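So this block is start-v2.cif, mmCIF, C-alpha atoms:
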```cif
data_final
#
loop_
_atom_site.label_atom_id
_atom_site.label_comp_id
_atom_site.auth_asym_id
_atom_site.auth_seq_id
_atom_site.Cartn_x
_atom_site.Cartn_y
_atom_site.Cartn_z
CA MET C 92 119.75 -29.62 72.97
CA ASN C 93 121.55 -30.37 69.68
CA LEU C 94 119.93 -30.26 66.25
CA TRP C 95 119.30 -34.03 66.10
CA GLU C 96 117.65 -34.10 69.51
CA LYS C 97 115.49 -31.18 68.36
CA PHE C 98 114.37 -33.18 65.31
CA ASP C 99 113.71 -36.26 67.47
CA LYS C 100 111.38 -34.17 69.66
CA ALA C 101 109.67 -32.28 66.83
CA ILE C 102 109.07 -35.17 64.43
CA ASP C 103 107.08 -38.36 65.03
CA VAL C 104 110.05 -40.74 64.89
CA GLU C 105 107.95 -43.81 65.65
CA GLY C 106 105.59 -42.89 62.81
CA LEU C 107 108.56 -42.42 60.49
CA LYS C 108 109.94 -45.85 61.39
CA LYS C 109 106.53 -47.37 60.57
CA ASP C 110 106.47 -45.48 57.22
CA VAL C 111 109.97 -46.77 56.40
CA ALA C 112 108.88 -50.34 57.14
CA GLU C 113 105.79 -49.94 54.93
CA ALA C 114 107.82 -48.37 52.12
CA SER C 115 110.30 -51.24 52.18
CA THR C 116 107.51 -53.78 51.68
CA GLY C 117 105.92 -51.79 48.87
CA SER C 118 102.64 -51.60 50.78
CA MET C 119 102.43 -47.79 50.84
CA GLU C 120 100.05 -46.39 48.27
CA PHE C 121 100.62 -43.01 46.70
CA LYS C 122 97.88 -41.29 44.78
CA GLU C 123 98.98 -40.29 41.31
CA VAL C 124 98.24 -36.63 40.82
CA PRO C 125 95.70 -36.27 38.01
CA VAL C 126 95.80 -33.46 35.48
CA GLY C 127 94.25 -30.28 36.79
CA GLN C 128 94.96 -26.88 38.28
CA TYR C 129 96.92 -26.73 41.52
CA GLU C 130 98.29 -24.14 43.90
CA VAL C 131 101.95 -25.07 44.30
CA LYS C 132 105.31 -23.96 45.58
CA VAL C 133 108.74 -24.95 44.29
CA ASN C 134 110.12 -27.63 46.58
CA LYS C 135 113.28 -28.36 44.58
CA MET C 136 114.90 -27.00 41.42
CA GLU C 137 118.18 -28.08 39.91
CA LEU C 138 120.18 -28.91 36.84
CA THR C 139 120.75 -32.64 37.03
CA GLU C 140 121.43 -35.65 34.82
CA SER C 141 118.69 -37.75 33.21
CA LYS C 142 118.73 -41.55 33.40
CA LYS C 143 120.27 -41.56 29.91
CA GLY C 144 123.04 -39.17 31.00
CA SER C 145 121.71 -35.98 29.37
CA PRO C 146 121.53 -32.64 31.18
CA MET C 147 118.06 -32.02 32.61
CA LEU C 148 116.19 -29.30 34.49
CA THR C 149 114.09 -30.77 37.27
CA ILE C 150 111.54 -28.86 39.33
CA TRP C 151 109.50 -30.42 42.13
CA PHE C 152 106.20 -28.59 42.64
CA LYS C 153 104.54 -29.30 46.00
CA ILE C 154 100.74 -29.03 46.05
CA LEU C 155 99.58 -26.66 48.80
CA ALA C 156 95.84 -27.34 49.10
CA GLY C 157 93.05 -29.73 48.24
CA GLU C 158 92.80 -33.49 48.02
CA TYR C 159 96.39 -33.83 46.81
CA GLU C 160 97.93 -31.42 49.34
CA GLY C 161 101.53 -32.41 50.03
CA SER C 162 101.87 -34.41 46.80
CA LEU C 163 104.54 -33.55 44.26
CA ILE C 164 104.32 -32.81 40.56
CA PHE C 165 107.64 -33.39 38.80
CA TYR C 166 108.73 -31.18 35.89
CA ASN C 167 111.65 -32.72 34.00
CA GLN C 168 113.01 -31.15 30.83
CA VAL C 169 115.97 -32.72 29.03
CA LEU C 170 118.36 -30.03 27.78
CA SER C 171 120.10 -31.77 24.88
CA THR C 172 118.22 -29.92 22.11
CA GLY C 173 117.43 -26.30 21.36
CA PHE C 174 113.73 -27.07 21.78
CA GLY C 175 114.32 -28.58 25.23
CA ILE C 176 116.33 -25.56 26.37
CA HIS C 177 113.64 -23.24 24.96
CA ASN C 178 110.96 -25.10 26.98
CA ALA C 179 113.08 -24.88 30.15
CA ASN C 180 113.70 -21.16 29.55
CA GLU C 181 109.96 -20.54 29.19
CA MET C 182 109.22 -22.42 32.43
CA LEU C 183 111.93 -20.52 34.33
CA LYS C 184 110.71 -17.17 32.96
CA SER C 185 107.10 -18.00 33.89
CA LEU C 186 108.06 -18.19 37.58
CA GLY C 187 107.97 -14.39 37.77
CA THR C 188 111.46 -13.52 38.97
CA ASP C 189 113.71 -10.69 37.78
CA THR C 190 116.43 -13.21 36.90
CA GLU C 191 117.60 -13.02 33.28
CA VAL C 192 117.04 -16.47 31.77
CA LYS C 193 119.30 -17.39 28.86
CA PHE C 194 121.55 -20.28 27.89
CA ASP C 195 125.26 -19.72 27.15
CA ASN C 196 126.68 -22.96 28.57
CA PHE C 197 125.74 -25.47 31.26
CA LYS C 198 127.83 -23.92 34.05
CA GLN C 199 126.16 -20.54 33.45
CA TYR C 200 122.73 -22.18 33.11
CA ASN C 201 123.17 -24.01 36.41
CA ASP C 202 123.95 -20.66 38.07
CA THR C 203 120.80 -19.17 36.49
CA ILE C 204 118.68 -22.07 37.79
CA LEU C 205 120.13 -21.59 41.29
CA ASP C 206 119.37 -17.85 41.09
CA VAL C 207 115.76 -18.50 40.03
CA HIS C 208 115.34 -21.04 42.82
CA GLU C 209 116.68 -18.61 45.39
CA ALA C 210 114.31 -15.92 44.10
CA VAL C 211 111.18 -18.14 44.45
CA GLU C 212 111.97 -20.26 47.53
CA GLY C 213 109.74 -19.17 50.38
CA LYS C 214 108.75 -16.00 48.49
CA LEU C 215 106.46 -17.09 45.65
CA GLU C 216 103.69 -19.61 45.07
CA PHE C 217 102.04 -20.47 41.78
CA ALA C 218 98.88 -21.56 40.04
CA LEU C 219 99.99 -24.52 37.91
CA ASP C 220 97.94 -25.92 35.04
CA TYR C 221 99.08 -29.54 34.77
CA SER C 222 97.76 -31.30 31.66
CA LYS C 223 98.67 -33.67 28.84
CA ASN C 224 99.05 -32.94 25.14
CA ASN C 225 97.51 -35.03 22.35
CA LYS C 226 100.57 -37.34 22.38
CA GLY C 227 100.17 -38.05 26.11
CA TYR C 228 103.13 -35.93 27.27
CA ASN C 229 102.81 -33.85 30.43
CA VAL C 230 102.32 -30.11 29.91
CA TYR C 231 103.02 -27.57 32.65
CA LYS C 232 101.91 -23.94 32.57
CA ILE C 233 102.22 -21.37 35.32
CA THR C 234 99.02 -19.33 35.11
CA ASP C 235 99.55 -17.04 38.11
CA VAL C 236 102.28 -16.04 40.57
CA TYR C 237 101.53 -15.14 44.21
CA GLU C 238 103.82 -13.45 46.71
CA VAL C 239 103.96 -15.26 50.04
#
```
This structure in structure tokens:
Amino acid sequence: MNLWEKFDKAIDVEGLKKDVAEASTGSMEFKEVPVGQYEVKVNKMELTESKKGSPMLTIWFKILAGEYEGSLIFYNQVLSTGFGIHNANEMLKSLGTDTEVKFDNFKQYNDTILDVHEAVEGKLEFALDYSKNNKGYNVYKITDVYEV
């Protein structure tokens, strides 16, 4: 059995086709994750480009339990200012790895982000305090790190 046949057997393909049809009509409803405390894991982490073309750190946190289990919380930090890079550094450091987090240039920073991601993927989970500041901007704080 090849890999694709394995996926066809393991995953509800008919259900996926129905989900695709619903998504294309815009009839699927997704619950917006409200502010709160969540147990999460890192689903994705990368240096990418914002819609305006600026460098940006993006982290997708997947909620592991509760009413919003399986939902994603998106951390996006534009890296075009010293303050933005500082915020990204603090987030990366808060993930509890031994990786040295510093910014020299974007190539080096991308390598650092990949190293942090490798260090947390499948190994660490987090307590995430997801809130908003007085200006309505999202605020993310890792309050605890758990080994898996």
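Each of C:Lys142, C:Gly127, C:Gly173, C:Val192 was compared to C:Lys232 using all atoms listed in the file, and C:Gly127 turns out to be the nearest.
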Q. Which residues, written as a ChimeraX atom specification, have at least one atom at most 12 Å from C:Asp202, with only C-alpha atoms counted and residues fewer than 2 positions away on the same chain left out?
A. /C:136-138,190-200,204-209
At most 9 Å is the cut-off: for each residue in stretch 130-183 of chain C with any atom that close to an atom of stretch 212-222 of chain C, write down the nearest atom pair and the distance in Å rounded to one decimal, counting only C-alpha atoms, chain first then increasing number, as a tab-separated table.
```
residue	atom	partner	partner_atom	distance
C:Glu130	CA	C:Ala218	CA	4.7
C:Val131	CA	C:Phe217	CA	5.2
C:Lys132	CA	C:Glu216	CA	4.7
C:Val133	CA	C:Glu212	CA	6.6
C:Asn134	CA	C:Glu212	CA	7.7
C:Lys135	CA	C:Glu212	CA	8.7
C:Phe152	CA	C:Leu219	CA	8.8
C:Leu155	CA	C:Glu216	CA	9.0
C:Ile164	CA	C:Tyr221	CA	8.5
```
Please produce a file of the residues just selected, as a CSV table (one decimal), in the coordinates of the input, where the atoms kept are C-alpha atoms.
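Written out: part-v4.csv:
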```csv
chain,number,residue,atom,x,y,z
C,130,GLU,CA,98.3,-24.1,43.9
C,131,VAL,CA,102.0,-25.1,44.3
C,132,LYS,CA,105.3,-24.0,45.6
C,133,VAL,CA,108.7,-25.0,44.3
C,134,ASN,CA,110.1,-27.6,46.6
C,135,LYS,CA,113.3,-28.4,44.6
C,152,PHE,CA,106.2,-28.6,42.6
C,155,LEU,CA,99.6,-26.7,48.8
C,164,ILE,CA,104.3,-32.8,40.6
```
Q: Step by step, work through what the PyMOL selection byres ((chain C and resi 171) around 12) selects in the shown file, and finish by giving those residues as a ChimeraX atom specification.
A: /C:140-141,143-148,168-170,172-179,194,196-197
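The gap separating atom CA of C:Ile150 from atom CA of C:Tyr166 is 5.0 Å, in Å to one decimal.
Going from atom CA of C:Ile233 to atom CA of C:Met182 covers 7.6 Å.
Going from atom CA of C:Trp151 to atom CA of C:Asn167 covers 8.7 Å.
Closest approach to C:Lys184 among C:Val236, C:Gly161, C:Val230, C:Lys223 is made by C:Val236 (distances from all atoms listed in the file).
Among the candidate residues C:Gln128, C:Lys109, C:Tyr228, C:Tyr237, the one lying nearest to C:Val211 is C:Tyr237, with distances computed using all atoms listed in the file.
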Reconstruct N, CA, C and O atoms of stretch 122-142 of chain C from the incomplete input and present them as a PDB file, in the coordinates of the input.
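File selection-v8.pdb, as written:
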```pdb
ATOM      1  N   LYS C 122      98.828 -41.680  45.804  1.00  0.00           N
ATOM      2  CA  LYS C 122      97.880 -41.290  44.780  1.00  0.00           C
ATOM      3  C   LYS C 122      98.627 -40.573  43.664  1.00  0.00           C
ATOM      4  O   LYS C 122      99.395 -39.650  43.920  1.00  0.00           O
ATOM      5  N   GLU C 123      98.417 -41.008  42.444  1.00  0.00           N
ATOM      6  CA  GLU C 123      98.980 -40.290  41.310  1.00  0.00           C
ATOM      7  C   GLU C 123      98.185 -39.010  41.128  1.00  0.00           C
ATOM      8  O   GLU C 123      96.960 -39.013  41.170  1.00  0.00           O
ATOM      9  N   VAL C 124      98.900 -37.918  40.967  1.00  0.00           N
ATOM     10  CA  VAL C 124      98.240 -36.630  40.820  1.00  0.00           C
ATOM     11  C   VAL C 124      97.636 -36.539  39.420  1.00  0.00           C
ATOM     12  O   VAL C 124      98.357 -36.638  38.431  1.00  0.00           O
ATOM     13  N   PRO C 125      96.323 -36.363  39.332  1.00  0.00           N
ATOM     14  CA  PRO C 125      95.700 -36.270  38.010  1.00  0.00           C
ATOM     15  C   PRO C 125      95.924 -34.872  37.411  1.00  0.00           C
ATOM     16  O   PRO C 125      96.270 -33.925  38.119  1.00  0.00           O
ATOM     17  N   VAL C 126      95.713 -34.763  36.113  1.00  0.00           N
ATOM     18  CA  VAL C 126      95.800 -33.460  35.480  1.00  0.00           C
ATOM     19  C   VAL C 126      94.797 -32.530  36.136  1.00  0.00           C
ATOM     20  O   VAL C 126      93.763 -32.971  36.645  1.00  0.00           O
ATOM     21  N   GLY C 127      95.137 -31.249  36.158  1.00  0.00           N
ATOM     22  CA  GLY C 127      94.250 -30.280  36.790  1.00  0.00           C
ATOM     23  C   GLY C 127      95.011 -29.004  37.117  1.00  0.00           C
ATOM     24  O   GLY C 127      96.173 -28.828  36.727  1.00  0.00           O
ATOM     25  N   GLN C 128      94.343 -28.129  37.844  1.00  0.00           N
ATOM     26  CA  GLN C 128      94.960 -26.880  38.280  1.00  0.00           C
ATOM     27  C   GLN C 128      95.258 -26.992  39.762  1.00  0.00           C
ATOM     28  O   GLN C 128      94.396 -27.429  40.528  1.00  0.00           O
ATOM     29  N   TYR C 129      96.473 -26.592  40.136  1.00  0.00           N
ATOM     30  CA  TYR C 129      96.920 -26.730  41.520  1.00  0.00           C
ATOM     31  C   TYR C 129      97.641 -25.475  41.980  1.00  0.00           C
ATOM     32  O   TYR C 129      98.320 -24.819  41.201  1.00  0.00           O
ATOM     33  N   GLU C 130      97.479 -25.177  43.274  1.00  0.00           N
ATOM     34  CA  GLU C 130      98.290 -24.140  43.900  1.00  0.00           C
ATOM     35  C   GLU C 130      99.535 -24.853  44.429  1.00  0.00           C
ATOM     36  O   GLU C 130      99.433 -25.820  45.183  1.00  0.00           O
ATOM     37  N   VAL C 131     100.716 -24.373  43.992  1.00  0.00           N
ATOM     38  CA  VAL C 131     101.950 -25.070  44.300  1.00  0.00           C
ATOM     39  C   VAL C 131     103.045 -24.099  44.747  1.00  0.00           C
ATOM     40  O   VAL C 131     102.947 -22.886  44.530  1.00  0.00           O
ATOM     41  N   LYS C 132     104.071 -24.679  45.340  1.00  0.00           N
ATOM     42  CA  LYS C 132     105.310 -23.960  45.580  1.00  0.00           C
ATOM     43  C   LYS C 132     106.435 -24.819  45.016  1.00  0.00           C
ATOM     44  O   LYS C 132     106.253 -26.020  44.787  1.00  0.00           O
ATOM     45  N   VAL C 133     107.591 -24.196  44.776  1.00  0.00           N
ATOM     46  CA  VAL C 133     108.740 -24.950  44.290  1.00  0.00           C
ATOM     47  C   VAL C 133     109.417 -25.576  45.495  1.00  0.00           C
ATOM     48  O   VAL C 133     109.846 -24.884  46.418  1.00  0.00           O
ATOM     49  N   ASN C 134     109.494 -26.885  45.496  1.00  0.00           N
ATOM     50  CA  ASN C 134     110.120 -27.630  46.580  1.00  0.00           C
ATOM     51  C   ASN C 134     111.595 -27.903  46.281  1.00  0.00           C
ATOM     52  O   ASN C 134     112.405 -27.968  47.193  1.00  0.00           O
ATOM     53  N   LYS C 135     111.918 -28.055  45.000  1.00  0.00           N
ATOM     54  CA  LYS C 135     113.280 -28.360  44.580  1.00  0.00           C
ATOM     55  C   LYS C 135     113.433 -27.911  43.131  1.00  0.00           C
ATOM     56  O   LYS C 135     112.496 -28.034  42.347  1.00  0.00           O
ATOM     57  N   MET C 136     114.613 -27.396  42.796  1.00  0.00           N
ATOM     58  CA  MET C 136     114.900 -27.000  41.420  1.00  0.00           C
ATOM     59  C   MET C 136     116.389 -27.149  41.199  1.00  0.00           C
ATOM     60  O   MET C 136     117.186 -26.604  41.966  1.00  0.00           O
ATOM     61  N   GLU C 137     116.760 -27.908  40.160  1.00  0.00           N
ATOM     62  CA  GLU C 137     118.180 -28.080  39.910  1.00  0.00           C
ATOM     63  C   GLU C 137     118.447 -28.561  38.487  1.00  0.00           C
ATOM     64  O   GLU C 137     117.578 -29.111  37.828  1.00  0.00           O
ATOM     65  N   LEU C 138     119.670 -28.318  38.072  1.00  0.00           N
ATOM     66  CA  LEU C 138     120.180 -28.910  36.840  1.00  0.00           C
ATOM     67  C   LEU C 138     120.779 -30.242  37.254  1.00  0.00           C
ATOM     68  O   LEU C 138     121.621 -30.306  38.147  1.00  0.00           O
ATOM     69  N   THR C 139     120.307 -31.302  36.647  1.00  0.00           N
ATOM     70  CA  THR C 139     120.750 -32.640  37.030  1.00  0.00           C
ATOM     71  C   THR C 139     121.006 -33.454  35.771  1.00  0.00           C
ATOM     72  O   THR C 139     121.043 -32.921  34.666  1.00  0.00           O
ATOM     73  N   GLU C 140     121.154 -34.742  35.934  1.00  0.00           N
ATOM     74  CA  GLU C 140     121.430 -35.650  34.820  1.00  0.00           C
ATOM     75  C   GLU C 140     120.271 -36.631  34.680  1.00  0.00           C
ATOM     76  O   GLU C 140     119.821 -37.210  35.664  1.00  0.00           O
ATOM     77  N   SER C 141     119.770 -36.802  33.459  1.00  0.00           N
ATOM     78  CA  SER C 141     118.690 -37.750  33.210  1.00  0.00           C
ATOM     79  C   SER C 141     119.235 -39.181  33.336  1.00  0.00           C
ATOM     80  O   SER C 141     120.445 -39.398  33.398  1.00  0.00           O
ATOM     81  N   LYS C 142     118.326 -40.146  33.333  1.00  0.00           N
ATOM     82  CA  LYS C 142     118.730 -41.550  33.400  1.00  0.00           C
ATOM     83  C   LYS C 142     119.637 -41.933  32.233  1.00  0.00           C
ATOM     84  O   LYS C 142     120.482 -42.804  32.358  1.00  0.00           O
TER      85      LYS C 142
END
```
